[in-house]
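Here is the file protein-v6.pdb (PDB, C-alpha atoms).
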ATOM      1  CA  MET Q 126       3.472 -23.529 -16.652
ATOM      2  CA  LYS Q 127       0.860 -25.944 -17.858
ATOM      3  CA  TRP Q 128      -2.049 -24.007 -16.368
ATOM      4  CA  ASP Q 129      -1.173 -21.008 -18.544
ATOM      5  CA  ASP Q 130      -2.176 -23.074 -21.569
ATOM      6  CA  HIS Q 131      -5.875 -22.668 -20.986
ATOM      7  CA  GLY Q 132      -8.038 -19.914 -19.638
ATOM      8  CA  MET Q 133     -10.186 -21.875 -17.222
ATOM      9  CA  LYS Q 134      -8.637 -20.409 -14.057
ATOM     10  CA  THR Q 135      -9.022 -16.958 -12.582
ATOM     11  CA  PRO Q 136      -5.853 -14.898 -12.020
ATOM     12  CA  LEU Q 137      -6.201 -15.542  -8.246
ATOM     13  CA  ALA Q 138      -6.415 -19.304  -8.710
ATOM     14  CA  ARG Q 139      -3.314 -19.188 -10.949
ATOM     15  CA  ALA Q 140      -1.355 -17.204  -8.332
ATOM     16  CA  LYS Q 141      -2.352 -19.322  -5.326
ATOM     17  CA  GLY Q 142       0.387 -21.570  -4.031
ATOM     18  CA  LEU Q 143       3.085 -20.020  -6.224
ATOM     19  CA  GLY Q 144       4.642 -17.764  -3.590
ATOM     20  CA  ALA Q 145       8.095 -18.297  -2.107
ATOM     21  CA  ALA Q 146       6.621 -20.444   0.651
ATOM     22  CA  ARG Q 147       4.456 -22.439  -1.841
ATOM     23  CA  GLY Q 148       1.459 -21.412   0.181
ATOM     24  CA  CYS Q 149      -0.729 -18.553   1.183
ATOM     25  CA  VAL Q 150      -1.467 -16.579   4.254
ATOM     26  CA  GLU Q 151      -3.491 -19.381   5.896
ATOM     27  CA  ASN Q 152      -0.377 -20.918   7.484
ATOM     28  CA  TRP Q 153       0.537 -17.559   8.973
ATOM     29  CA  ILE Q 154      -2.931 -17.322  10.495
ATOM     30  CA  LYS Q 155      -2.883 -20.956  11.712
ATOM     31  CA  LEU Q 156       0.421 -20.305  13.476
ATOM     32  CA  ARG Q 157      -1.120 -17.347  15.350
ATOM     33  CA  VAL Q 158      -4.383 -19.109  16.189
ATOM     34  CA  THR Q 159      -2.532 -22.142  17.591
ATOM     35  CA  ALA Q 160      -0.202 -19.750  19.470
ATOM     36  CA  ILE Q 161      -3.199 -18.301  21.297
ATOM     37  CA  GLY Q 162      -4.560 -21.824  21.907
ATOM     38  CA  ASN Q 163      -1.185 -22.960  23.253
ATOM     39  CA  ALA Q 164      -0.886 -19.931  25.545
ATOM     40  CA  ILE Q 165      -4.283 -20.599  27.143
ATOM     41  CA  LEU Q 166      -3.776 -24.379  27.400
ATOM     42  CA  ALA Q 167      -0.204 -23.985  28.719
ATOM     43  CA  ILE Q 168      -1.583 -22.248  31.807
ATOM     44  CA  TRP Q 169      -3.934 -25.200  32.387
ATOM     45  CA  PHE Q 170      -1.041 -27.593  31.690
ATOM     46  CA  PHE Q 171       1.211 -26.054  34.361
ATOM     47  CA  TRP Q 172      -1.632 -26.156  36.870
ATOM     48  CA  PHE Q 173      -2.233 -29.845  35.981
ATOM     49  CA  LEU Q 174       1.507 -30.640  36.164
ATOM     50  CA  SER Q 175       1.833 -29.042  39.591
ATOM     51  CA  GLY Q 176      -0.701 -31.591  40.861
ATOM     52  CA  VAL Q 177       0.864 -34.716  39.340
ATOM     53  CA  ILE Q 178       4.598 -34.172  39.905
ATOM     54  CA  GLY Q 179       5.844 -37.149  41.885
ATOM     55  CA  ALA Q 180       2.430 -38.882  41.681
ATOM     56  CA  SER Q 181       2.217 -42.668  41.408
ATOM     57  CA  HIS Q 182       1.032 -44.268  38.161
ATOM     58  CA  ALA Q 183      -2.413 -44.916  39.681
ATOM     59  CA  ASP Q 184      -2.802 -41.307  40.879
ATOM     60  CA  PHE Q 185      -1.526 -39.861  37.615
ATOM     61  CA  THR Q 186      -3.821 -41.931  35.391
ATOM     62  CA  ALA Q 187      -6.799 -41.246  37.692
ATOM     63  CA  ALA Q 188      -6.144 -37.495  37.360
ATOM     64  CA  LEU Q 189      -5.740 -37.687  33.584
ATOM     65  CA  ALA Q 190      -8.879 -39.851  33.213
ATOM     66  CA  ASP Q 191     -11.002 -36.959  34.519
ATOM     67  CA  PRO Q 192     -12.648 -35.356  31.460
ATOM     68  CA  ARG Q 193     -11.727 -31.934  32.862
ATOM     69  CA  ASN Q 194      -8.103 -32.956  32.337
ATOM     70  CA  ALA Q 195      -8.316 -35.385  29.394
ATOM     71  CA  ILE Q 196     -10.126 -32.865  27.146
ATOM     72  CA  PRO Q 197      -7.697 -29.945  27.614
ATOM     73  CA  MET Q 198      -4.802 -32.406  27.261
ATOM     74  CA  ILE Q 199      -6.054 -33.567  23.834
ATOM     75  CA  LEU Q 200      -6.677 -29.969  22.771
ATOM     76  CA  LEU Q 201      -3.149 -29.069  23.880
ATOM     77  CA  ILE Q 202      -1.631 -31.971  21.902
ATOM     78  CA  ILE Q 203      -3.440 -30.948  18.701
ATOM     79  CA  SER Q 204      -2.703 -27.230  19.070
ATOM     80  CA  MET Q 205       0.955 -27.808  20.011
ATOM     81  CA  LEU Q 206       1.621 -30.199  17.137
ATOM     82  CA  ILE Q 207       0.083 -27.936  14.479
ATOM     83  CA  HIS Q 208       2.076 -25.014  15.917
ATOM     84  CA  ALA Q 209       5.311 -27.045  16.000
ATOM     85  CA  MET Q 210       4.808 -28.341  12.435
ATOM     86  CA  LEU Q 211       4.238 -24.864  11.005
ATOM     87  CA  GLY Q 212       6.968 -23.262  13.105
ATOM     88  CA  VAL Q 213       9.666 -25.791  12.267
ATOM     89  CA  ARG Q 214       8.546 -25.724   8.633
ATOM     90  CA  GLU Q 215       9.163 -21.964   8.521
ATOM     91  CA  ILE Q 216      12.695 -22.459   9.842
ATOM     92  CA  VAL Q 217      13.463 -25.344   7.476
ATOM     93  CA  GLU Q 218      12.243 -23.314   4.496
ATOM     94  CA  ASP Q 219      14.498 -20.429   5.546
ATOM     95  CA  TYR Q 220      17.733 -22.345   6.121
ATOM     96  CA  PHE Q 221      17.660 -25.469   3.912
ATOM     97  CA  HIS Q 222      18.551 -24.262   0.452
ATOM     98  CA  ASN Q 223      18.942 -27.631  -1.250
ATOM     99  CA  GLU Q 224      15.490 -28.591  -2.551
ATOM    100  CA  PHE Q 225      16.043 -32.321  -1.999
ATOM    101  CA  PHE Q 226      17.176 -31.950   1.623
ATOM    102  CA  LYS Q 227      14.469 -29.421   2.326
ATOM    103  CA  ILE Q 228      11.658 -31.653   1.066
ATOM    104  CA  SER Q 229      13.147 -34.732   2.791
ATOM    105  CA  LYS Q 230      13.400 -32.841   6.059
ATOM    106  CA  LEU Q 231       9.812 -31.597   5.775
ATOM    107  CA  VAL Q 232       8.397 -35.020   4.873
ATOM    108  CA  GLY Q 233      10.284 -36.714   7.725
ATOM    109  CA  MET Q 234       9.210 -34.014  10.150
ATOM    110  CA  TYR Q 235       5.550 -34.204   9.169
ATOM    111  CA  LEU Q 236       5.498 -37.999   9.500
ATOM    112  CA  CYS Q 237       7.220 -37.733  12.892
ATOM    113  CA  PHE Q 238       4.856 -35.103  14.282
ATOM    114  CA  PHE Q 239       1.837 -36.979  12.960
ATOM    115  CA  ALA Q 240       3.012 -40.182  14.688
ATOM    116  CA  LEU Q 241       3.608 -38.290  17.953
ATOM    117  CA  GLY Q 242       0.119 -36.804  17.743
ATOM    118  CA  VAL Q 243      -1.623 -40.137  17.165
ATOM    119  CA  ALA Q 244       0.434 -41.837  19.897
ATOM    120  CA  SER Q 245      -0.247 -39.196  22.532
ATOM    121  CA  VAL Q 246      -3.960 -38.721  21.726
ATOM    122  CA  PHE Q 247      -4.474 -42.500  21.705
ATOM    123  CA  SER Q 248      -2.709 -42.762  25.091
ATOM    124  CA  VAL Q 249      -4.875 -40.077  26.684
ATOM    125  CA  LEU Q 250      -8.032 -41.745  25.319
ATOM    126  CA  LYS Q 251      -6.930 -45.176  26.539
ATOM    127  CA  ILE Q 252      -6.299 -43.796  30.034
ATOM    128  CA  ALA Q 253      -9.542 -41.821  29.975
ATOM    129  CA  PHE Q 254     -11.691 -44.793  28.873
ATOM    130  CA  THR Q 255     -10.093 -47.463  31.051
ATOM    131  CA  GLY Q 256      -9.134 -45.369  34.065
ATOM    132  CA  GLY Q 257      -5.523 -46.306  33.412
ATOM    133  CA  LEU Q 258      -5.913 -50.062  33.977
TER
ATOM    134  CA  MET G 244      17.385 -20.578 -15.628
ATOM    135  CA  SER G 245      20.133 -22.234 -13.576
ATOM    136  CA  ALA G 246      23.420 -20.314 -13.605
ATOM    137  CA  SER G 247      26.609 -22.091 -14.650
ATOM    138  CA  PRO G 248      28.683 -23.371 -11.692
ATOM    139  CA  GLU G 249      31.433 -20.867 -12.562
ATOM    140  CA  LEU G 250      29.084 -17.909 -12.534
ATOM    141  CA  LYS G 251      27.422 -19.164  -9.344
ATOM    142  CA  SER G 252      30.706 -19.294  -7.424
ATOM    143  CA  LYS G 253      31.647 -15.708  -8.374
ATOM    144  CA  ARG G 254      28.260 -14.235  -7.605
ATOM    145  CA  PRO G 255      28.440 -11.817  -4.668
ATOM    146  CA  LEU G 256      26.486 -12.996  -1.661
ATOM    147  CA  SER G 257      24.516 -10.714   0.609
ATOM    148  CA  PRO G 258      25.929 -10.390   4.140
ATOM    149  CA  HIS G 259      24.672 -13.113   6.449
ATOM    150  CA  LEU G 260      23.887 -13.232  10.178
ATOM    151  CA  GLN G 261      27.458 -13.440  11.462
ATOM    152  CA  VAL G 262      28.582 -10.041  10.094
ATOM    153  CA  TYR G 263      26.014  -8.078  12.056
ATOM    154  CA  LYS G 264      26.438  -6.813  15.587
ATOM    155  CA  PRO G 265      23.932  -8.627  17.833
ATOM    156  CA  GLN G 266      20.938  -6.431  18.596
ATOM    157  CA  MET G 267      18.003  -6.921  20.949
ATOM    158  CA  THR G 268      15.701  -7.356  17.934
ATOM    159  CA  SER G 269      17.839  -9.991  16.192
ATOM    160  CA  LEU G 270      18.811 -11.748  19.435
ATOM    161  CA  THR G 271      15.203 -12.213  20.582
ATOM    162  CA  SER G 272      14.187 -13.367  17.098
ATOM    163  CA  VAL G 273      16.951 -15.985  16.888
ATOM    164  CA  LEU G 274      16.204 -17.167  20.433
ATOM    165  CA  HIS G 275      12.522 -17.522  19.520
ATOM    166  CA  ARG G 276      13.425 -19.945  16.756
ATOM    167  CA  VAL G 277      16.020 -21.818  18.821
ATOM    168  CA  THR G 278      13.627 -22.277  21.769
ATOM    169  CA  GLY G 279      10.833 -23.283  19.351
ATOM    170  CA  VAL G 280      12.967 -26.070  17.878
ATOM    171  CA  ALA G 281      14.045 -27.173  21.373
ATOM    172  CA  LEU G 282      10.403 -27.349  22.465
ATOM    173  CA  ALA G 283       9.504 -29.307  19.309
ATOM    174  CA  TYR G 284      12.137 -31.899  20.310
ATOM    175  CA  GLY G 285      10.552 -31.871  23.765
ATOM    176  CA  LEU G 286       7.382 -33.267  22.168
ATOM    177  CA  PHE G 287       9.169 -36.627  21.909
ATOM    178  CA  VAL G 288       9.581 -36.768  25.692
ATOM    179  CA  PHE G 289       6.059 -35.398  26.210
ATOM    180  CA  THR G 290       4.693 -38.262  24.049
ATOM    181  CA  TRP G 291       6.875 -40.799  25.873
ATOM    182  CA  TRP G 292       5.352 -39.597  29.172
ATOM    183  CA  LEU G 293       1.745 -40.131  27.972
ATOM    184  CA  VAL G 294       2.408 -43.424  26.140
ATOM    185  CA  ALA G 295       4.293 -44.805  29.164
ATOM    186  CA  ALA G 296       1.338 -43.933  31.406
ATOM    187  CA  ALA G 297      -1.009 -45.695  28.965
ATOM    188  CA  ILE G 298       1.166 -48.835  28.889
ATOM    189  CA  GLY G 299       1.297 -49.324  32.654
ATOM    190  CA  PRO G 300       3.061 -48.742  35.993
ATOM    191  CA  GLU G 301       6.352 -50.325  34.924
ATOM    192  CA  ALA G 302       6.740 -48.208  31.779
ATOM    193  CA  TYR G 303       5.619 -45.133  33.719
ATOM    194  CA  GLY G 304       8.230 -45.879  36.377
ATOM    195  CA  MET G 305      10.909 -45.936  33.679
ATOM    196  CA  PHE G 306       9.811 -42.499  32.554
ATOM    197  CA  THR G 307       9.713 -40.985  36.061
ATOM    198  CA  ASP G 308      13.147 -42.497  36.813
ATOM    199  CA  PHE G 309      14.485 -40.763  33.711
ATOM    200  CA  ALA G 310      12.745 -37.456  34.488
ATOM    201  CA  GLY G 311      14.081 -37.512  38.050
ATOM    202  CA  SER G 312      17.656 -38.350  37.041
ATOM    203  CA  GLY G 313      20.395 -35.721  36.681
ATOM    204  CA  ILE G 314      20.164 -35.590  32.891
ATOM    205  CA  GLY G 315      16.364 -35.640  33.087
ATOM    206  CA  LYS G 316      16.309 -32.649  35.434
ATOM    207  CA  LEU G 317      18.800 -30.793  33.250
ATOM    208  CA  LEU G 318      16.556 -31.375  30.213
ATOM    209  CA  MET G 319      13.457 -30.321  32.165
ATOM    210  CA  PHE G 320      15.258 -27.172  33.297
ATOM    211  CA  GLY G 321      16.214 -26.403  29.692
ATOM    212  CA  TRP G 322      12.663 -26.974  28.475
ATOM    213  CA  SER G 323      11.155 -24.832  31.237
ATOM    214  CA  LEU G 324      13.549 -22.017  30.309
ATOM    215  CA  ALA G 325      12.750 -22.450  26.602
ATOM    216  CA  PHE G 326       9.031 -22.591  27.371
ATOM    217  CA  TYR G 327       8.936 -19.360  29.408
ATOM    218  CA  TYR G 328      11.010 -17.562  26.791
ATOM    219  CA  HIS G 329       8.914 -18.792  23.849
ATOM    220  CA  PHE G 330       5.688 -18.033  25.748
ATOM    221  CA  ALA G 331       6.701 -14.464  26.693
ATOM    222  CA  ASN G 332       8.236 -13.637  23.329
ATOM    223  CA  GLY G 333       5.276 -15.259  21.552
ATOM    224  CA  ILE G 334       2.938 -12.821  23.282
ATOM    225  CA  ARG G 335       5.313  -9.997  22.252
ATOM    226  CA  HIS G 336       4.976 -11.233  18.651
ATOM    227  CA  LEU G 337       1.169 -11.332  18.916
ATOM    228  CA  ILE G 338       1.204  -7.714  20.153
ATOM    229  CA  TRP G 339       3.340  -6.776  17.132
ATOM    230  CA  ASP G 340       0.958  -8.658  14.820
ATOM    231  CA  TYR G 341      -1.819  -6.547  16.293
ATOM    232  CA  GLY G 342       0.178  -3.494  15.175
ATOM    233  CA  LYS G 343       1.254  -2.218  18.590
ATOM    234  CA  MET G 344       4.714  -1.480  20.061
ATOM    235  CA  LEU G 345       6.465  -1.575  16.706
ATOM    236  CA  THR G 346       8.990   1.209  17.366
ATOM    237  CA  ILE G 347      12.662   0.367  18.011
ATOM    238  CA  LYS G 348      12.363   1.852  21.511
ATOM    239  CA  ASP G 349       9.364  -0.363  22.368
ATOM    240  CA  ALA G 350      11.002  -3.420  20.803
ATOM    241  CA  TYR G 351      14.065  -2.946  23.030
ATOM    242  CA  ALA G 352      11.996  -2.285  26.162
ATOM    243  CA  SER G 353       9.761  -5.330  25.565
ATOM    244  CA  GLY G 354      12.859  -7.397  24.719
ATOM    245  CA  PHE G 355      14.453  -6.607  28.075
ATOM    246  CA  PHE G 356      11.110  -7.202  29.753
ATOM    247  CA  ILE G 357      10.593 -10.702  28.333
ATOM    248  CA  LEU G 358      14.189 -11.680  29.189
ATOM    249  CA  LEU G 359      13.519 -10.616  32.778
ATOM    250  CA  VAL G 360      10.184 -12.476  32.834
ATOM    251  CA  THR G 361      11.898 -15.624  31.516
ATOM    252  CA  ALA G 362      14.615 -15.521  34.178
ATOM    253  CA  PHE G 363      12.123 -14.708  36.941
ATOM    254  CA  MET G 364       9.557 -17.393  36.012
ATOM    255  CA  THR G 365      12.215 -20.096  35.527
ATOM    256  CA  GLY G 366      13.709 -19.159  38.894
ATOM    257  CA  VAL G 367      10.351 -19.201  40.692
ATOM    258  CA  THR G 368       9.353 -22.525  39.076
ATOM    259  CA  TRP G 369      12.550 -24.288  40.099
ATOM    260  CA  TYR G 370      12.563 -22.712  43.532
ATOM    261  CA  CYS G 371       9.044 -24.125  44.077
ATOM    262  CA  LEU G 372       9.947 -27.514  42.571
ATOM    263  CA  LEU G 373      13.040 -27.920  44.737
ATOM    264  CA  THR G 374      11.486 -26.521  47.921
ATOM    265  CA  PHE G 375       7.888 -27.782  47.916
ATOM    266  CA  ALA G 376       7.712 -30.660  45.431
ATOM    267  CA  GLY G 377      10.935 -32.323  46.606
ATOM    268  CA  VAL G 378      12.213 -32.760  43.029
TER
END
Could I get this structure in the form of structure tokens?
Amino acid sequence: MKWDDHGMKTPLARAKGLGAARGCVENWIKLRVTAIGNAILAIWFFWFLSGVIGASHADFTAALADPRNAIPMILLIISMLIHAMLGVREIVEDYFHNEFFKISKLVGMYLCFFALGVASVFSVLKIAFTGGL
Amino acid sequence: MSASPELKSKRPLSPHLQVYKPQMTSLTSVLHRVTGVALAYGLFVFTWWLVAAAIGPEAYGMFTDFAGSGIGKLLMFGWSLAFYYHFANGIRHLIWDYGKMLTIKDAYASGFFILLVTAFMTGVTWYCLLTFAGV
């Protein structure tokens, strides 16, 4: 290990990131925090859904344009995507034993989730700022 | 430190999932992961829904036609089932993380409970959708 060659780092700094999951406890905590966020926002989401099932495009976009709906929707997107990224990552790290496939899968997954996040947040903002026109 | 291919092939492997009798603890854990992955795939359709609405009435109509079709309803049913399971079992996990209900007896009781909740909530949701929302 090249960082063993010099004594500039503390033992903690040397150990960080070298665990089996290449990371520390922060991902474990993030997964729980986003779980709580998802649980709260999911209740709002089902309430919102119950009002827009079968709605026309004009009615749906008008409902989503309301800040009381657009804001929780954006929060839900962010919380869900972080939760999904960390959750799927945990599974991939457990079951993909070939390092190349594992890293490829993780890179592809992260790019995918990031694209989904930008696309859905942009869409909510567009609807919110234009009233869906 | 990589072992030679010969040595690697003869190395005894620890028993894997399939040799164990299914238990409430392992079953609920596996289902939590399976439903989590299913819900992650659902994010594609969730994004399609929002992007279609942002594009306009025609694109949104394509989405609602899909969601209302036979395959669409089947997928929505699957995702509602996966959602209720992942939600209920997720709360069970948070209770465990808090250090409560960690005995085998409690884990079995809460396991049965969340399976019942999942079946009940999915049933109620689809009863309401089919009866009142005309889905």
>> If I take CA of Tyr328 (chain G) and CA of Met364 (chain G), how far is one from the other in Å, to one decimal?
In response: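 Calculated distance between CA of Tyr328 (chain G) and CA of Met364 (chain G) is 9.3 Å.
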>> Between CA of Val177 (chain Q) and CA of Thr368 (chain G), what is the distance in Å, rounded to a tenth?
In response: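 Separating CA of Val177 (chain Q) from CA of Thr368 (chain G) is a distance of 14.9 Å.
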>> Since I can't run it myself right now, could you work out what the PyMOL selection byres ((chain G and resi 293) around 12) selects here and report it as a PyMOL selection string?
In response: (chain Q and resi 182+185-186+189-190+195+198-199+202+241-253+257) or (chain G and resi 286-292+294-300+302-303+306-307)
> If you measure from CA of Gly313 (chain G) to CA of Ala167 (chain Q), what distance in Å do you get, rounded to one decimal?
Replying inline: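 Separation between CA of Gly313 (chain G) and CA of Ala167 (chain Q): 25.0 Å.
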>> Taking all atoms listed in the file into account, name the residue in G:Phe355, G:Tyr284, G:Phe309, G:Phe363 that is nearest to chain Q.
In response: G:Tyr284
> Mind telling me what the PyMOL selection byres ((chain G and resi 377) around 12) catches here, as a PyMOL selection string?
Replying inline: (chain Q and resi 175+178-180) or (chain G and resi 311+369-376+378)
> Using all atoms listed in the file, which of the listed residues (G:Leu337, G:Leu270, G:Val367, G:Leu345) sits closest to chain Q?
Replying inline: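 The shortest atom-to-atom distance to chain Q comes from G:Leu337.
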>> Selection in question (the file shown): the PyMOL selection byres ((chain Q and resi 209) around 10). Which residues does it include, as a list of chain:residue names?
In response: Q:Leu156, Q:Thr159, Q:Ala160, Q:Ile203, Q:Ser204, Q:Met205, Q:Leu206, Q:Ile207, Q:His208, Q:Met210, Q:Leu211, Q:Gly212, Q:Val213, Q:Arg214, Q:Glu215, Q:Met234, Q:Tyr235, Q:Phe238, G:Gly279, G:Val280, G:Leu282, G:Ala283, G:Tyr284, G:Leu286
>> Which residue is closest to chain Q? Choose from G:Met344, G:Met305, G:Leu317, G:Leu358 and count all atoms listed in the file.
In response: G:Met305
> Which residue, Q:Ala187, Q:Ala138, Q:Ile161, Q:Leu166, has the smallest gap to Leu200 (chain Q) when you use all atoms listed in the file?
Replying inline: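 Nearest candidate to Leu200 (chain Q) out of Q:Ala187, Q:Ala138, Q:Ile161, Q:Leu166: Q:Leu166.
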Enclose the full set of atoms of region 250-256 of chain Q listed in the file within a box whose edges lie along x, y and z, apply 6 Å of padding to each of the six sides, and report centre and edge lengths in Å to one decimal as AutoDock Vina command-line options.
--center_x -9.0 --center_y -44.6 --center_z 29.7 --size_x 17.4 --size_y 17.7 --size_z 20.7
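Compared by their closest atoms to Ile334 (chain G), and using all atoms listed in the file, the residues Q:Arg157, Q:Pro136, Q:Phe221, Q:Gly176 rank with Q:Arg157 nearest.
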> Which residue gives the smallest distance to Val360 (chain G) among G:Asn332, G:Thr271, G:Gln261, G:Gln266, with only C-alpha atoms counted?
Replying inline: G:Asn332
